[in-house]
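Accompanying notes for the structure given below.
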Amino acid sequence: MSRRGPVAGIDIGSRSIELVVVEDGNILHTAKAPTTFAPLAQCRRLLDGVMAAKIVATGYGRKLFAETRPED
Amino acid sequence: MITEIQAYALGARREFPDVRTVLDIGGQDTKVISLSTEGRVTKFEMNDRCAAGTGKFLEFMATALQIPLEAFGEFALQADRRIQINSMCTVFAESEATSLMARGEKAANIAMGLHLAIVQRTLSMLRRIGVTFPILFAGGVAHNPCVKVLLAESLQEPVLVPDDPDMVGALGAALYGLKTG
């Protein structure tokens with residue numbers, strides 16, 4: 001039961017943030033940025049222009065991120 | 001939103017479908033995860049309370065020895081003898097390294113000692129959860145060839161490192177999104 005459209009995974013660690021976009025099991029895009037003291041701004045920068053039907057957050061900063069995107 | 005443990009389990013199985021143990025050494029934490037043959041998390045342990053045994057430890061020590069972090073593993077592999085660094089603590093290990101320098105020990109040997117210290121710490125975490133092979137090594141520290149070599153040597157088994165070891169958690173999170181629809 002696979003969802004249609006790309007899905008993004010974002011791993012917000014204490015030192016770096018990684019982004020992977022997958023669709024139908026294929027990796028479409030990957031990106032990485034340092035966490036810095038403004039992790040949400042870094043997440044926004046990584047996600048800028050990324051088309052994703054859904055974003056799943058993980059890592060140390062996942063709760064912070066999820067609070068800003070209650071729909072995911 | 002999923003925990004790092006679930007994310008790493010999913011990402012690791014995508015990289016190597018038979019993986020039974022996942023080791024992640026990140027910039028500021030270390031986690032070890034045991035998986036069943038079906039890929040279910042059966043046990044895990046996480047150290048996120050202390051820099052010792054994490055990437056931060058290596059970064060701190062590379063800076064102290066004035067070696068670029070990316071080259072630190074290769075540098076340590078040039079060691080001609082293995083010295084033991086007794087302090088596990090990042091702060092005390094640095095003073096120990098400094099006094100070894102003052103006694104004329106080669107920097108590469110000190111670097112090797114510091115790598116051995118991080119591997120020892122990792123091995124005790126792995127022993128606590130029990131290692132089943134194959135084992136996958138992820139996180140930024142998986143780029144370090146010395147840590148990989150020492151782990152494989154101590155475990156007497158190959159250590160699998162994905163092409164992009166930093167991405168395992170993000171990949172797992174995305175795969176979870178696909179699965180849950």
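Going by the structure tokens order, chains are called A, B, ..., each with residues numbered from 1, while ligands are numbered from 1 in the order shown.
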Exercise for the section: Identify all chain B residues at most 6 Å from chain A by counting only C-alpha atoms; ligands do not count. Present them as number ranges by chain. Expected result: B: 1-4, 27, 169-171, 173-174, 177-179, 181
Could you save the residues just selected, with C-alpha atoms, as a PDB file, in the first residue's frame?
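Now in again29.pdb:
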ATOM      1  CA  MET B   1       7.578  11.579  13.085  1.00  0.00           C
ATOM      2  CA  ILE B   2       9.489   8.456  14.110  1.00  0.00           C
ATOM      3  CA  THR B   3      12.283   7.781  16.584  1.00  0.00           C
ATOM      4  CA  GLU B   4      15.872   7.531  15.355  1.00  0.00           C
ATOM      5  CA  GLY B  27      28.277  13.788  15.872  1.00  0.00           C
ATOM      6  CA  GLY B 169      18.245   7.886   9.409  1.00  0.00           C
ATOM      7  CA  ALA B 170      16.695  10.269   6.861  1.00  0.00           C
ATOM      8  CA  LEU B 171      16.267   7.397   4.408  1.00  0.00           C
ATOM      9  CA  ALA B 173      12.188   8.225   7.919  1.00  0.00           C
ATOM     10  CA  ALA B 174      11.249   8.664   4.249  1.00  0.00           C
ATOM     11  CA  GLY B 177       6.399   7.745   5.215  1.00  0.00           C
ATOM     12  CA  LEU B 178       5.986   5.601   2.097  1.00  0.00           C
ATOM     13  CA  LYS B 179       4.918   2.603   4.134  1.00  0.00           C
ATOM     14  CA  GLY B 181       0.818   6.219   3.275  1.00  0.00           C
TER      15      GLY B 181
END
Note to self: Which residues are near stretch 149-154 of chain B? Cut-off 9 Å, only C-alpha atoms, ignore same chain within fewer than 2 positions. Put them as a PyMOL selection string.
What the structure shows: chain B and resi 115-116+119-120+122-123+144-147+156-159
Taking only chain A into account, list the residues labelled alpha helix (DSSP H) by DSSP (computed from the backbone), as a PyMOL selection string. chain A and resi 39-47+62-68
Could you tell me how far atom CA of B:Phe44 sits from atom CA of B:Phe72, in Å to one decimal place?
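Answer for the atom CA of B:Phe72 to atom CA of B:Phe44 separation: 28.6 Å.
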Residue contacts of B:Arg20 (7 Å, only C-alpha atoms) excluding same-chain residues fewer than 6 positions away, as a list in words:
Ser34, Leu35, Ser36, Thr37, Thr132, Phe133, Pro134 and Ile135 of chain B
Need the shell around B:Thr30: protein/DNA/RNA residues with any atom at most 9 Å away, counting only C-alpha atoms. Skip same-chain ones fewer than 4 positions apart. Format as a PyMOL selection string?
chain B and resi 23-26+45-48+53-55+122+139
Generate the output file for the selected residues, N, CA and C atoms, as a PDB file, in the first residue's frame.
ATOM      1  N   LEU B  23      24.926  -0.085  14.044  1.00  0.00           N
ATOM      2  CA  LEU B  23      25.719   0.792  14.895  1.00  0.00           C
ATOM      3  C   LEU B  23      25.715   2.155  14.236  1.00  0.00           C
ATOM      4  N   ASP B  24      25.359   3.174  14.980  1.00  0.00           N
ATOM      5  CA  ASP B  24      25.390   4.537  14.436  1.00  0.00           C
ATOM      6  C   ASP B  24      26.236   5.379  15.361  1.00  0.00           C
ATOM      7  N   ILE B  25      27.314   5.908  14.836  1.00  0.00           N
ATOM      8  CA  ILE B  25      28.097   6.855  15.628  1.00  0.00           C
ATOM      9  C   ILE B  25      27.966   8.209  14.955  1.00  0.00           C
ATOM     10  N   GLY B  26      27.230   9.070  15.597  1.00  0.00           N
ATOM     11  CA  GLY B  26      26.943  10.383  15.045  1.00  0.00           C
ATOM     12  C   GLY B  26      27.829  11.443  15.672  1.00  0.00           C
ATOM     13  N   GLU B  45      20.403   0.406  22.495  1.00  0.00           N
ATOM     14  CA  GLU B  45      21.008   1.204  23.547  1.00  0.00           C
ATOM     15  C   GLU B  45      21.514   2.488  22.906  1.00  0.00           C
ATOM     16  N   MET B  46      21.406   3.569  23.652  1.00  0.00           N
ATOM     17  CA  MET B  46      21.785   4.853  23.094  1.00  0.00           C
ATOM     18  C   MET B  46      22.606   5.618  24.120  1.00  0.00           C
ATOM     19  N   ASN B  47      23.697   6.202  23.659  1.00  0.00           N
ATOM     20  CA  ASN B  47      24.452   7.105  24.525  1.00  0.00           C
ATOM     21  C   ASN B  47      24.305   8.504  23.958  1.00  0.00           C
ATOM     22  N   ASP B  48      23.522   9.321  24.628  1.00  0.00           N
ATOM     23  CA  ASP B  48      23.422  10.706  24.167  1.00  0.00           C
ATOM     24  C   ASP B  48      23.642  11.662  25.339  1.00  0.00           C
ATOM     25  N   GLY B  53      33.190   8.699  23.000  1.00  0.00           N
ATOM     26  CA  GLY B  53      32.708   7.638  22.122  1.00  0.00           C
ATOM     27  C   GLY B  53      31.837   8.128  20.981  1.00  0.00           C
ATOM     28  N   THR B  54      31.791   9.422  20.736  1.00  0.00           N
ATOM     29  CA  THR B  54      31.006   9.948  19.605  1.00  0.00           C
ATOM     30  C   THR B  54      31.937  10.695  18.637  1.00  0.00           C
ATOM     31  N   GLY B  55      31.338  11.179  17.563  1.00  0.00           N
ATOM     32  CA  GLY B  55      32.093  11.957  16.590  1.00  0.00           C
ATOM     33  C   GLY B  55      32.715  13.200  17.204  1.00  0.00           C
ATOM     34  N   THR B 122      32.601   1.641  22.035  1.00  0.00           N
ATOM     35  CA  THR B 122      31.560   1.125  21.144  1.00  0.00           C
ATOM     36  C   THR B 122      31.356  -0.372  21.357  1.00  0.00           C
ATOM     37  N   GLY B 139      26.240   6.666  10.280  1.00  0.00           N
ATOM     38  CA  GLY B 139      26.572   7.914  10.960  1.00  0.00           C
ATOM     39  C   GLY B 139      27.868   8.497  10.409  1.00  0.00           C
TER      40      GLY B 139
END
If you run DSSP on this backbone, which residues of chain B come out as strand (DSSP E), and could you give them as a PyMOL selection string?
-> chain B and resi 21-25+30-35+41-47+135-138+159-160
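Atom pair atom CA of B:Ala7 / atom CA of B:Gly172 has a distance of 4.2 Å (rounded to one decimal).
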task: Quick one: pull the distance between atom CA of B:Thr21 and atom CA of B:Ile110, Å, one decimal.
output: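 Those two atoms sit 29.7 Å apart.
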